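**Q** Input structure: structure_21.csv, which contains CSV, C-alpha atoms.
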chain,number,residue,atom,x,y,z
A,1032,MET,CA,-30.4,6.3,9.2
A,1033,LYS,CA,-32.0,3.9,11.7
A,1034,ASN,CA,-32.1,4.9,15.4
A,1035,ASN,CA,-29.7,2.1,16.4
A,1036,GLU,CA,-27.2,2.7,13.7
A,1037,ILE,CA,-23.8,4.2,14.2
A,1038,GLU,CA,-23.1,7.3,12.2
A,1039,PRO,CA,-19.8,7.2,10.2
A,1040,VAL,CA,-17.1,9.9,11.0
A,1041,VAL,CA,-14.7,9.6,8.1
A,1042,LEU,CA,-11.1,10.5,7.4
A,1043,GLN,CA,-9.9,10.2,3.8
A,1044,VAL,CA,-6.2,9.9,3.3
A,1045,LEU,CA,-4.3,10.6,0.1
A,1046,PRO,CA,-0.8,11.9,-0.9
A,1047,GLU,CA,-1.8,15.4,-2.0
A,1048,LEU,CA,-4.6,17.6,-3.2
A,1049,GLU,CA,-3.1,19.2,-6.3
A,1050,THR,CA,-4.9,17.8,-9.3
A,1051,GLY,CA,-6.1,14.4,-10.7
A,1052,GLY,CA,-8.8,11.8,-10.6
A,1053,VAL,CA,-8.1,10.5,-7.1
A,1054,GLU,CA,-8.0,14.1,-5.7
A,1055,THR,CA,-11.2,15.0,-7.5
A,1056,GLY,CA,-13.0,11.9,-6.1
A,1057,THR,CA,-11.8,12.7,-2.6
A,1058,ILE,CA,-13.3,16.2,-2.8
A,1059,GLU,CA,-16.5,14.9,-4.3
A,1060,VAL,CA,-17.0,12.4,-1.5
A,1061,ALA,CA,-16.0,14.9,1.2
A,1062,THR,CA,-18.6,17.4,0.0
A,1063,ALA,CA,-21.3,14.8,-0.4
A,1064,LEU,CA,-20.6,13.6,3.2
A,1065,LYS,CA,-20.9,17.2,4.4
A,1066,ALA,CA,-24.2,17.7,2.4
A,1067,ALA,CA,-25.5,14.5,4.1
A,1068,GLY,CA,-24.7,15.9,7.5
A,1069,ILE,CA,-21.8,13.4,8.1
A,1070,LYS,CA,-18.8,14.7,9.8
A,1071,ASN,CA,-15.6,14.1,7.8
A,1072,PHE,CA,-12.0,15.1,7.4
A,1073,VAL,CA,-9.2,14.8,4.8
A,1074,ALA,CA,-5.5,14.3,5.4
A,1075,SER,CA,-2.9,15.0,2.7
A,1076,GLN,CA,0.3,16.9,1.9
A,1077,GLY,CA,-1.8,19.8,0.7
A,1078,GLY,CA,-2.3,21.5,-2.6
A,1079,ARG,CA,-4.5,23.9,-4.5
A,1080,MET,CA,-7.6,21.7,-4.0
A,1081,VAL,CA,-7.5,22.2,-0.2
A,1082,TYR,CA,-9.4,25.4,-1.0
A,1083,GLU,CA,-12.5,23.3,-1.9
A,1084,LEU,CA,-12.4,21.7,1.6
A,1085,GLU,CA,-12.0,25.1,3.3
A,1086,LYS,CA,-14.8,26.5,1.3
A,1087,ASN,CA,-17.1,23.7,2.6
A,1088,LYS,CA,-15.7,23.9,6.1
A,1089,ILE,CA,-14.3,20.4,6.0
A,1090,GLY,CA,-11.2,19.8,8.2
A,1091,HIS,CA,-7.9,19.1,6.6
A,1092,LEU,CA,-4.8,17.7,8.3
A,1093,THR,CA,-1.5,18.6,6.5
A,1094,LEU,CA,1.2,15.9,6.7
A,1095,PRO,CA,4.0,14.8,4.4
A,1096,LEU,CA,1.8,11.8,3.2
A,1097,LYS,CA,3.4,11.7,-0.3
A,1098,SER,CA,6.7,10.5,1.3
A,1099,LYS,CA,7.8,6.8,1.0
A,1100,ASN,CA,10.4,7.2,3.7
A,1101,ILE,CA,9.6,4.6,6.3
A,1102,PHE,CA,10.4,6.9,9.2
A,1103,THR,CA,8.2,9.7,7.8
A,1104,MET,CA,5.4,7.1,7.2
A,1105,LEU,CA,5.7,5.9,10.8
A,1106,SER,CA,5.6,9.5,12.0
A,1107,ASN,CA,2.5,10.2,9.8
A,1108,ALA,CA,0.8,7.1,11.4
A,1109,ASN,CA,1.3,8.4,14.9
A,1110,LYS,CA,0.0,11.9,14.0
A,1111,LEU,CA,-3.0,10.4,12.1
A,1112,ALA,CA,-3.8,8.2,15.2
A,1113,GLN,CA,-3.8,11.3,17.4
A,1114,TYR,CA,-6.0,13.2,14.9
A,1115,ILE,CA,-8.4,10.2,14.7
A,1116,LYS,CA,-8.8,10.1,18.5
A,1117,ALA,CA,-9.1,13.9,18.8
A,1118,ASN,CA,-11.9,14.0,16.3
A,1119,ASN,CA,-13.8,10.8,17.2
A,1120,ILE,CA,-13.2,9.4,13.7
A,1121,ASN,CA,-14.4,5.8,13.3
A,1122,ILE,CA,-13.5,5.0,9.7
A,1123,VAL,CA,-10.2,5.7,7.8
A,1124,HIS,CA,-10.4,5.6,4.0
A,1125,ALA,CA,-7.0,5.3,2.2
A,1126,ARG,CA,-6.7,6.1,-1.5
A,1127,SER,CA,-3.0,5.6,-2.3
A,1128,ARG,CA,-0.3,3.2,-1.3
A,1129,ALA,CA,2.3,5.2,0.8
A,1130,PRO,CA,-0.3,7.1,2.8
A,1131,ALA,CA,-2.3,3.8,3.0
A,1132,TRP,CA,0.4,2.2,5.1
A,1133,SER,CA,0.4,5.2,7.5
A,1134,ALA,CA,-3.4,5.1,7.5
A,1135,TYR,CA,-3.5,1.4,8.2
A,1136,TRP,CA,-1.1,1.6,11.1
A,1137,ALA,CA,-3.0,4.6,12.5
A,1138,ALA,CA,-6.4,2.9,12.2
A,1139,LYS,CA,-5.0,-0.2,14.0
A,1140,LYS,CA,-3.5,2.0,16.7
A,1141,ALA,CA,-6.7,4.0,17.2
A,1142,GLY,CA,-8.9,0.9,17.0
A,1143,VAL,CA,-11.1,2.2,14.1
A,1144,HIS,CA,-12.3,0.8,10.8
A,1145,TYR,CA,-10.1,0.8,7.6
A,1146,VAL,CA,-11.3,1.0,4.0
A,1147,THR,CA,-9.4,1.4,0.8
A,1148,THR,CA,-10.0,2.3,-2.8
A,1149,PHE,CA,-8.0,0.5,-5.4
A,1150,HIS,CA,-7.6,3.3,-8.0
A,1151,GLY,CA,-5.2,1.6,-10.4
A,1152,THR,CA,-3.3,-1.6,-11.3
A,1153,TYR,CA,-0.1,-0.3,-9.6
A,1154,GLY,CA,3.2,-1.6,-11.0
A,1155,LEU,CA,4.1,-5.1,-9.7
A,1156,GLY,CA,7.8,-4.8,-10.3
A,1157,PRO,CA,10.3,-7.5,-11.3
A,1158,LEU,CA,9.0,-11.0,-10.2
A,1159,GLY,CA,6.1,-9.2,-8.5
A,1160,ILE,CA,8.3,-7.8,-5.8
A,1161,LYS,CA,6.1,-4.7,-5.4
A,1162,LYS,CA,3.1,-6.7,-4.5
A,1163,LEU,CA,4.4,-6.6,-0.9
A,1164,TYR,CA,4.1,-2.8,-1.0
A,1165,ASN,CA,0.9,-2.7,-2.9
A,1166,ARG,CA,-1.0,-5.2,-0.8
A,1167,VAL,CA,-1.9,-2.6,1.8
A,1168,MET,CA,-4.6,-1.6,-0.6
A,1169,THR,CA,-6.3,-5.0,-0.1
A,1170,TYR,CA,-6.2,-4.7,3.8
A,1171,GLY,CA,-9.4,-2.7,3.9
A,1172,GLU,CA,-12.4,-4.3,5.7
A,1173,LYS,CA,-14.0,-3.3,2.4
A,1174,VAL,CA,-12.0,-2.7,-0.8
A,1175,ILE,CA,-13.6,-0.3,-3.3
A,1176,ALA,CA,-12.7,-1.2,-7.0
A,1177,ILE,CA,-13.4,1.5,-9.5
A,1178,SER,CA,-14.1,-0.9,-12.4
A,1179,ASN,CA,-14.5,-4.6,-13.2
A,1180,HIS,CA,-11.0,-4.4,-14.7
A,1181,ILE,CA,-9.6,-3.3,-11.3
A,1182,LYS,CA,-11.7,-5.9,-9.5
A,1183,ASN,CA,-10.3,-8.7,-11.7
A,1184,HIS,CA,-6.8,-7.4,-11.3
A,1185,ILE,CA,-7.1,-7.5,-7.5
A,1186,LEU,CA,-8.5,-11.1,-7.5
A,1187,LYS,CA,-5.8,-12.3,-10.0
A,1188,ASN,CA,-2.8,-10.7,-8.3
A,1189,TYR,CA,-3.8,-10.7,-4.7
A,1190,PRO,CA,-5.5,-14.1,-4.3
A,1191,LYS,CA,-5.8,-13.8,-0.5
A,1192,THR,CA,-8.3,-11.0,-1.0
A,1193,GLU,CA,-11.8,-12.3,-0.4
A,1194,GLU,CA,-14.1,-11.3,-3.3
A,1195,SER,CA,-17.0,-10.8,-0.8
A,1196,LYS,CA,-15.3,-7.7,0.6
A,1197,ILE,CA,-14.8,-6.0,-2.7
A,1198,ARG,CA,-17.3,-3.3,-3.6
A,1199,LEU,CA,-17.5,-2.1,-7.2
A,1200,ILE,CA,-18.1,1.7,-7.3
A,1201,HIS,CA,-17.4,3.3,-10.7
A,1202,ARG,CA,-15.9,6.7,-11.0
A,1203,CYS,CA,-18.2,9.4,-12.4
A,1204,ALA,CA,-18.8,12.3,-14.7
A,1205,ASP,CA,-19.9,15.6,-13.2
A,1206,ILE,CA,-23.1,16.1,-15.1
A,1207,GLU,CA,-23.5,19.6,-13.9
A,1208,LYS,CA,-20.4,20.5,-16.0
A,1209,PHE,CA,-20.6,17.7,-18.6
A,1210,SER,CA,-24.0,18.4,-20.1
A,1211,PRO,CA,-24.8,19.9,-23.5
A,1212,SER,CA,-27.1,22.4,-21.9
A,1213,ALA,CA,-24.3,23.6,-19.5
A,1214,VAL,CA,-22.1,24.9,-22.3
A,1215,THR,CA,-22.8,28.4,-23.6
A,1216,GLN,CA,-22.6,29.5,-27.2
A,1217,ALA,CA,-19.8,31.9,-26.2
A,1218,ARG,CA,-17.6,29.1,-24.8
A,1219,MET,CA,-18.1,27.1,-28.0
A,1220,ILE,CA,-17.2,30.0,-30.2
A,1221,ASN,CA,-14.1,30.5,-28.0
A,1222,LYS,CA,-13.0,26.9,-28.6
A,1223,ILE,CA,-13.7,27.1,-32.4
A,1224,LYS,CA,-11.4,30.2,-32.6
A,1225,GLU,CA,-8.7,28.7,-30.3
A,1226,TYR,CA,-8.5,25.5,-32.2
A,1227,ASN,CA,-9.0,26.9,-35.7
A,1228,ILE,CA,-12.0,24.6,-36.3
A,1229,ALA,CA,-13.6,24.9,-39.7
A,1230,ASP,CA,-17.4,24.5,-39.8
A,1231,ASP,CA,-17.3,22.2,-42.9
A,1232,ARG,CA,-15.5,19.2,-41.3
A,1233,PRO,CA,-16.3,16.8,-38.5
A,1234,VAL,CA,-14.0,17.1,-35.5
A,1235,LEU,CA,-12.2,14.1,-33.9
A,1236,LEU,CA,-11.0,14.9,-30.4
A,1237,LEU,CA,-8.4,12.9,-28.4
A,1238,PRO,CA,-7.9,14.6,-25.0
A,1239,GLY,CA,-5.4,13.5,-22.4
A,1240,ARG,CA,-1.7,13.7,-21.6
A,1241,VAL,CA,0.6,12.9,-24.5
A,1242,THR,CA,2.3,9.6,-23.6
A,1243,ARG,CA,2.7,6.4,-25.6
A,1244,TRP,CA,0.3,4.3,-23.6
A,1245,LYS,CA,-2.5,6.7,-24.4
A,1246,GLY,CA,-2.2,5.7,-28.1
A,1247,GLN,CA,-1.8,9.0,-29.9
A,1248,HIS,CA,0.5,7.2,-32.5
A,1249,LEU,CA,-2.2,4.6,-33.0
A,1250,LEU,CA,-4.7,7.3,-33.8
A,1251,ILE,CA,-2.4,8.8,-36.5
A,1252,GLU,CA,-1.9,5.4,-38.0
A,1253,ALA,CA,-5.7,4.9,-38.1
A,1254,LEU,CA,-6.3,8.3,-39.6
A,1255,HIS,CA,-4.0,7.3,-42.5
A,1256,LEU,CA,-6.1,4.1,-43.0
A,1257,MET,CA,-9.5,5.7,-42.9
A,1258,LYS,CA,-11.7,5.7,-46.0
A,1259,ASN,CA,-13.3,9.0,-45.0
A,1260,GLN,CA,-10.6,11.7,-45.1
A,1261,ASN,CA,-13.0,14.6,-44.4
A,1262,TYR,CA,-12.2,15.5,-40.8
A,1263,TYR,CA,-10.1,17.7,-38.5
A,1264,CYS,CA,-8.4,15.9,-35.6
A,1265,ILE,CA,-7.5,17.6,-32.4
A,1266,ILE,CA,-4.8,15.9,-30.2
A,1267,ALA,CA,-5.0,17.9,-27.0
A,1268,GLY,CA,-2.8,17.3,-24.0
A,1269,ASP,CA,0.4,18.1,-22.2
A,1270,ALA,CA,3.5,16.1,-23.2
A,1271,GLN,CA,4.9,16.6,-19.7
A,1272,GLY,CA,8.5,16.6,-21.0
A,1273,ARG,CA,8.0,13.7,-23.5
A,1274,GLN,CA,9.3,15.8,-26.3
A,1275,LYS,CA,10.8,12.8,-28.3
A,1276,TYR,CA,7.3,11.2,-28.4
A,1277,LEU,CA,5.6,14.4,-29.4
A,1278,ASP,CA,8.2,15.0,-32.2
A,1279,TYR,CA,7.6,11.4,-33.3
A,1280,LEU,CA,3.9,12.0,-33.6
A,1281,LYS,CA,4.4,15.2,-35.7
A,1282,LYS,CA,6.9,13.3,-37.9
A,1283,LEU,CA,4.3,10.5,-38.4
A,1284,ALA,CA,1.6,13.0,-39.3
A,1285,ARG,CA,4.0,14.5,-41.9
A,1286,LYS,CA,4.8,11.1,-43.3
A,1287,TYR,CA,1.2,10.4,-44.0
A,1288,LYS,CA,0.6,13.9,-45.3
A,1289,LEU,CA,-1.9,14.6,-42.5
A,1290,ASP,CA,-0.5,18.0,-41.4
A,1291,ASP,CA,-3.6,19.9,-42.5
A,1292,ARG,CA,-5.9,17.5,-40.8
A,1293,ILE,CA,-4.3,17.2,-37.4
A,1294,GLY,CA,-3.8,19.9,-34.8
A,1295,PHE,CA,-1.4,19.3,-31.9
A,1296,PHE,CA,-2.3,21.4,-28.8
A,1297,GLY,CA,-0.7,21.3,-25.4
A,1298,ARG,CA,-2.5,21.9,-22.1
A,1299,TYR,CA,-6.2,22.5,-22.6
A,1300,GLN,CA,-9.0,24.0,-20.5
A,1301,ASP,CA,-12.8,23.9,-20.5
A,1302,VAL,CA,-13.1,20.2,-21.6
A,1303,PRO,CA,-16.9,20.3,-21.8
A,1304,ALA,CA,-16.7,23.1,-24.4
A,1305,LEU,CA,-14.0,21.4,-26.3
A,1306,MET,CA,-16.1,18.2,-26.4
A,1307,MET,CA,-19.2,20.2,-27.4
A,1308,VAL,CA,-17.5,21.4,-30.6
A,1309,SER,CA,-16.3,17.9,-31.5
A,1310,THR,CA,-18.1,15.2,-33.4
A,1311,VAL,CA,-16.2,12.2,-32.0
A,1312,VAL,CA,-14.5,11.9,-28.6
A,1313,LEU,CA,-11.6,9.3,-28.5
A,1314,SER,CA,-10.0,7.1,-25.9
A,1315,THR,CA,-7.2,5.2,-27.7
A,1316,ALA,CA,-5.2,3.7,-24.8
A,1317,ILE,CA,-3.1,0.7,-25.7
A,1318,GLU,CA,-2.9,-0.4,-22.1
A,1319,PRO,CA,-6.0,-0.8,-19.9
A,1320,GLU,CA,-7.2,2.3,-18.1
A,1321,ALA,CA,-8.4,1.7,-14.6
A,1322,PHE,CA,-11.6,3.5,-15.4
A,1323,GLY,CA,-11.3,6.2,-18.1
A,1324,ARG,CA,-13.2,9.4,-17.4
A,1325,ILE,CA,-12.9,10.6,-21.0
A,1326,SER,CA,-15.3,7.8,-22.1
A,1327,ILE,CA,-18.1,8.8,-19.7
A,1328,GLU,CA,-17.5,12.5,-20.0
A,1329,GLY,CA,-17.8,12.2,-23.8
A,1330,GLN,CA,-21.0,10.2,-23.4
A,1331,ALA,CA,-22.4,12.8,-20.9
A,1332,MET,CA,-21.9,15.4,-23.6
A,1333,GLY,CA,-23.9,13.3,-26.0
A,1334,LYS,CA,-20.9,12.7,-28.3
A,1335,ILE,CA,-20.0,9.6,-30.2
A,1336,VAL,CA,-17.3,8.0,-28.1
A,1337,VAL,CA,-14.8,5.6,-29.8
A,1338,ALA,CA,-12.7,3.7,-27.3
A,1339,SER,CA,-10.3,0.7,-26.9
A,1340,ASN,CA,-12.0,-2.5,-25.9
A,1341,ILE,CA,-9.9,-2.9,-22.7
A,1342,GLY,CA,-10.0,-1.6,-19.2
A,1343,GLY,CA,-12.7,0.6,-17.8
A,1344,SER,CA,-14.3,1.3,-21.1
A,1345,LEU,CA,-15.7,-2.2,-21.2
A,1346,ASP,CA,-17.9,-1.1,-18.1
A,1347,THR,CA,-19.0,2.2,-19.5
A,1348,ILE,CA,-19.6,1.7,-23.2
A,1349,GLN,CA,-22.3,-0.5,-24.8
A,1350,ASP,CA,-20.8,-1.2,-28.2
A,1351,GLY,CA,-22.8,0.3,-31.0
A,1352,ILE,CA,-25.5,1.6,-28.5
A,1353,THR,CA,-23.8,4.3,-26.4
A,1354,GLY,CA,-20.5,4.4,-28.3
A,1355,LYS,CA,-18.1,2.2,-30.3
A,1356,LEU,CA,-15.4,-0.1,-29.1
A,1357,PHE,CA,-12.4,-1.0,-31.3
A,1358,GLU,CA,-9.8,-3.7,-31.0
A,1359,SER,CA,-7.0,-2.3,-28.8
A,1360,ASN,CA,-3.7,-1.5,-30.4
A,1361,ASN,CA,-5.2,-2.2,-33.9
A,1362,PRO,CA,-5.0,0.8,-36.2
A,1363,GLN,CA,-7.3,-0.8,-38.8
A,1364,SER,CA,-10.0,-1.5,-36.2
A,1365,LEU,CA,-9.8,2.1,-35.0
A,1366,ALA,CA,-10.0,3.4,-38.6
A,1367,ASP,CA,-13.1,1.2,-39.2
A,1368,ALA,CA,-14.7,2.5,-36.0
A,1369,LEU,CA,-14.0,6.1,-37.0
A,1370,ASP,CA,-15.4,5.5,-40.5
A,1371,TRP,CA,-18.5,4.0,-38.8
A,1372,ALA,CA,-18.9,7.0,-36.5
A,1373,LEU,CA,-18.6,9.5,-39.4
A,1374,SER,CA,-21.0,7.6,-41.6
A,1375,LEU,CA,-23.9,7.8,-39.1
A,1376,ASN,CA,-26.9,9.9,-40.3
A,1377,LYS,CA,-28.6,12.5,-38.0
A,1378,THR,CA,-31.2,10.0,-36.7
A,1379,GLU,CA,-28.6,7.4,-35.9
A,1380,THR,CA,-26.3,9.9,-34.3
A,1381,LYS,CA,-29.2,11.3,-32.1
A,1382,LYS,CA,-30.1,7.8,-31.0
A,1383,ILE,CA,-26.6,7.0,-29.8
A,1384,SER,CA,-26.3,10.5,-28.3
A,1385,ASP,CA,-29.5,10.1,-26.3
A,1386,SER,CA,-28.5,6.6,-25.2
A,1387,ALA,CA,-25.0,7.8,-24.1
A,1388,ILE,CA,-26.4,10.6,-22.0
A,1389,LYS,CA,-29.0,8.2,-20.4
A,1390,ASN,CA,-26.2,5.7,-19.7
A,1391,VAL,CA,-24.2,8.2,-17.8
A,1392,ARG,CA,-27.1,9.7,-15.9
A,1393,GLU,CA,-28.3,6.2,-14.8
A,1394,HIS,CA,-25.0,4.7,-13.9
A,1395,PHE,CA,-22.1,7.1,-13.7
A,1396,THR,CA,-23.0,10.3,-11.9
A,1397,LYS,CA,-21.2,11.9,-9.0
A,1398,GLN,CA,-24.4,11.4,-6.9
A,1399,ILE,CA,-24.4,7.7,-7.6
A,1400,MET,CA,-20.7,7.3,-6.8
A,1401,CYS,CA,-21.0,9.3,-3.6
A,1402,ASP,CA,-24.2,7.5,-2.4
A,1403,LYS,CA,-22.6,4.1,-2.9
A,1404,THR,CA,-19.4,5.2,-1.1
A,1405,ILE,CA,-21.5,6.5,1.9
A,1406,GLU,CA,-23.4,3.1,1.8
A,1407,VAL,CA,-20.0,1.3,2.2
A,1408,TYR,CA,-19.1,3.6,5.2
A,1409,ARG,CA,-22.4,2.8,6.9
A,1410,GLU,CA,-22.0,-0.9,6.2
A,1411,VAL,CA,-18.5,-0.9,7.7
A,1412,VAL,CA,-19.3,1.0,10.9
A,1413,ASN,CA,-22.4,-1.0,11.5
A,1414,GLN,CA,-21.2,-4.5,10.5
A,1415,ASN,CA,-21.0,-5.8,14.1
A,1416,GLU,CA,-24.3,-4.3,15.0
A,1417,ASN,CA,-26.0,-6.2,12.2
A,1418,LYS,CA,-24.6,-9.6,13.1
For this file, write the structure as structure tokens.
**A**
Amino acid sequence: MKNNEIEPVVLQVLPELETGGVETGTIEVATALKAAGIKNFVASQGGRMVYELEKNKIGHLTLPLKSKNIFTMLSNANKLAQYIKANNINIVHARSRAPAWSAYWAAKKAGVHYVTTFHGTYGLGPLGIKKLYNRVMTYGEKVIAISNHIKNHILKNYPKTEESKIRLIHRCADIEKFSPSAVTQARMINKIKEYNIADDRPVLLLPGRVTRWKGQHLLIEALHLMKNQNYYCIIAGDAQGRQKYLDYLKKLARKYKLDDRIGFFGRYQDVPALMMVSTVVLSTAIEPEAFGRISIEGQAMGKIVVASNIGGSLDTIQDGITGKLFESNNPQSLADALDWALSLNKTETKKISDSAIKNVREHFTKQIMCDKTIEVYREVVNQNENK
């Protein structure tokens, strides 16, 4: 930092700290700020991940920030403004819509800078009525977009947003966890036993919650169309109450006589170990994902990643070099991509594996994401100084 530069003091605001990508990103940035010697705080409704902040001695303000009740939101804004002033905070970073309104009002009241991260496409509602509610995410002096898909969505649906204030900062893979060398033999053996994996068949892994837009049904259709039928497919993820869809998937597997080649598993743990015992990692979404962590986590593990050619995967996968893209919602295209992946010889597989790991380490690490975010903070608090 230059002598005449203002040091950011940051407050990140989000609904809660229970689980999820937004929550993980918040903790990652908070700990990176702490490591860089930058004072920072987080405000949320609370949750099990608050422990991560406490462990790192990062201040947390508990407020009902998940609420969409206007009176609660206004009350939150007043309390946030008081907290901002009491802690000499000069930049507020909002990561979700309801708390973003409270954070915006608070930043205005306290006279400090306001930044947002656009984490998803957010429902527009009938005739785009929800745009009025969503637009607070474009009010930041700088608006962080987590992929080109999100950046294009902002420009298309919120045309008053100046492109010059959008900063593209991709999400990340934690390469300390998602690295082949980080997974022990014992953890791999545990997964092989847990998932009944035979050692004579390649393993296809589709992780993620079981919901139609994630495309589990598309995968089963594709498995039926594949030329290569020597595989074992793991569909791992919580149905979260979507029992009808889960029953439909199992019925579809029976219809195509794939029962012995598909295993349905609910909640899963130790994703790196599960990926490590797999041959191909899949992302089969039929609707664009804002970013898609599975694609980069799979690459970080050196696996052949096969993903839909929509959304964030277009940013993270170089087709045929670091993975394989297939035509979204096209079971034959997915089947062809899987046949291609399983036909690779050892030399070809290693080449893609090495390229995939290099791709993540050069573009999608936690350090890169955090460094770019801190750069935005510095840019914002010093923008008037640099004029």
**Q** In Å, how far is it from CA of Val1412 in chain A to CA of Thr1103 in chain A?
**A** 29.0 Å
**Q** What lies within 8 Å of Ser1309 in chain A using only C-alpha atoms, ignoring chain neighbours under 6 positions off, as a list of chain:residue names?
**A**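 What passes the distance filter is A:Pro1233, A:Val1234, A:Leu1235, A:Leu1236, A:Lys1334.
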**Q** For each of A:Asp1385, A:Asp1291, A:Glu1049, A:Asp1367, take the minimum atom-to-atom distance to Ala1229 in chain A, counting only C-alpha atoms, then give the residue where this is smallest.
**A**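 Among the listed residues, the smallest separation from Ala1229 in chain A belongs to A:Asp1291.
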**Q** If you measure from CA of Pro1095 in chain A to CA of Tyr1145 in chain A, what distance in Å do you get, rounded to one decimal?
**A**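 Computing it gives 20.1 Å between the two atoms.
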**Q** What residues have an atom no more than 10 Å from (-15.6, 27.7, -26.0) in the file's own frame, counting all atoms listed in the file, and can you write them as an mmCIF file with C-alpha atoms, in the coordinates of the input?
**A**
data_model
loop_
_atom_site.group_PDB
_atom_site.id
_atom_site.type_symbol
_atom_site.label_atom_id
_atom_site.label_comp_id
_atom_site.auth_asym_id
_atom_site.auth_seq_id
_atom_site.Cartn_x
_atom_site.Cartn_y
_atom_site.Cartn_z
ATOM 1 C CA VAL A 1214 -22.100 24.900 -22.300
ATOM 2 C CA THR A 1215 -22.800 28.400 -23.600
ATOM 3 C CA GLN A 1216 -22.600 29.500 -27.200
ATOM 4 C CA ALA A 1217 -19.800 31.900 -26.200
ATOM 5 C CA ARG A 1218 -17.600 29.100 -24.800
ATOM 6 C CA MET A 1219 -18.100 27.100 -28.000
ATOM 7 C CA ILE A 1220 -17.200 30.000 -30.200
ATOM 8 C CA ASN A 1221 -14.100 30.500 -28.000
ATOM 9 C CA LYS A 1222 -13.000 26.900 -28.600
ATOM 10 C CA ILE A 1223 -13.700 27.100 -32.400
ATOM 11 C CA LYS A 1224 -11.400 30.200 -32.600
ATOM 12 C CA GLU A 1225 -8.700 28.700 -30.300
ATOM 13 C CA TYR A 1226 -8.500 25.500 -32.200
ATOM 14 C CA GLN A 1300 -9.000 24.000 -20.500
ATOM 15 C CA ASP A 1301 -12.800 23.900 -20.500
ATOM 16 C CA VAL A 1302 -13.100 20.200 -21.600
ATOM 17 C CA PRO A 1303 -16.900 20.300 -21.800
ATOM 18 C CA ALA A 1304 -16.700 23.100 -24.400
ATOM 19 C CA LEU A 1305 -14.000 21.400 -26.300
ATOM 20 C CA MET A 1306 -16.100 18.200 -26.400
ATOM 21 C CA MET A 1307 -19.200 20.200 -27.400
ATOM 22 C CA VAL A 1308 -17.500 21.400 -30.600
#
**Q** Nearest to His1180 in chain A: which of A:Gly1333, A:Gly1268, A:Gly1078, A:Gly1323 is it, counting all atoms listed in the file?
**A**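 Among the listed residues, A:Gly1323 lies closest to His1180 in chain A.
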**Q** When you count all atoms listed in the file, which of these residues is closest to Cys1264 in chain A: A:Thr1310, A:Thr1242, A:Ser1210, A:Asn1183?
**A**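 Nearest candidate to Cys1264 in chain A out of A:Thr1310, A:Thr1242, A:Ser1210, A:Asn1183: A:Thr1310.
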**Q** For a cutoff of 12 Å around the file-coordinate point (5.4, 7.6, 12.3), which residues qualify once you count all atoms listed in the file? I'd like the result as an mmCIF file with C-alpha atoms, keeping the file's coordinate frame.
**A**
data_model
loop_
_atom_site.group_PDB
_atom_site.id
_atom_site.type_symbol
_atom_site.label_atom_id
_atom_site.label_comp_id
_atom_site.auth_asym_id
_atom_site.auth_seq_id
_atom_site.Cartn_x
_atom_site.Cartn_y
_atom_site.Cartn_z
ATOM 1 C CA LEU A 1094 1.200 15.900 6.700
ATOM 2 C CA PRO A 1095 4.000 14.800 4.400
ATOM 3 C CA LEU A 1096 1.800 11.800 3.200
ATOM 4 C CA SER A 1098 6.700 10.500 1.300
ATOM 5 C CA LYS A 1099 7.800 6.800 1.000
ATOM 6 C CA ASN A 1100 10.400 7.200 3.700
ATOM 7 C CA ILE A 1101 9.600 4.600 6.300
ATOM 8 C CA PHE A 1102 10.400 6.900 9.200
ATOM 9 C CA THR A 1103 8.200 9.700 7.800
ATOM 10 C CA MET A 1104 5.400 7.100 7.200
ATOM 11 C CA LEU A 1105 5.700 5.900 10.800
ATOM 12 C CA SER A 1106 5.600 9.500 12.000
ATOM 13 C CA ASN A 1107 2.500 10.200 9.800
ATOM 14 C CA ALA A 1108 0.800 7.100 11.400
ATOM 15 C CA ASN A 1109 1.300 8.400 14.900
ATOM 16 C CA LYS A 1110 0.000 11.900 14.000
ATOM 17 C CA LEU A 1111 -3.000 10.400 12.100
ATOM 18 C CA ALA A 1112 -3.800 8.200 15.200
ATOM 19 C CA GLN A 1113 -3.800 11.300 17.400
ATOM 20 C CA PRO A 1130 -0.300 7.100 2.800
ATOM 21 C CA TRP A 1132 0.400 2.200 5.100
ATOM 22 C CA SER A 1133 0.400 5.200 7.500
ATOM 23 C CA ALA A 1134 -3.400 5.100 7.500
ATOM 24 C CA TYR A 1135 -3.500 1.400 8.200
ATOM 25 C CA TRP A 1136 -1.100 1.600 11.100
ATOM 26 C CA ALA A 1137 -3.000 4.600 12.500
ATOM 27 C CA LYS A 1140 -3.500 2.000 16.700
#
**Q** Just the residues within 12 Å of Ser1314 in chain A, please, counting only C-alpha atoms, with nothing from its chain fewer than 4 positions along; format it as number ranges by chain.
**A** A: 1235-1240, 1244-1247, 1249-1250, 1266-1267, 1318-1320, 1322-1330, 1335-1345, 1348, 1354-1360, 1365, 1369
**Q** Neighbouring residues of Lys1088 in chain A were defined as those with any atom within 9 Å, considering only C-alpha atoms; residues of the same chain fewer than 4 positions away were excluded. Please report them as a list in words.
**A** Lys1065, Glu1083 and Leu1084 of chain A
**Q** Work out how far apart CA of Cys1203 in chain A and CA of Lys1397 in chain A are and give it in Å to one decimal.
**A**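 The value is 5.2 Å.
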**Q** Give me the residues near Phe1395 in chain A as a list of chain:residue names, where near means some atom within 8 Å (using all atoms listed in the file) and where sequence neighbours in that chain fewer than 2 positions away do not count.
**A**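 Contacts, in chain order: A:His1201, A:Arg1202, A:Cys1203, A:Ala1204, A:Ile1327, A:Asn1390, A:Val1391, A:Arg1392, A:Glu1393, A:Lys1397, A:Ile1399, A:Met1400.
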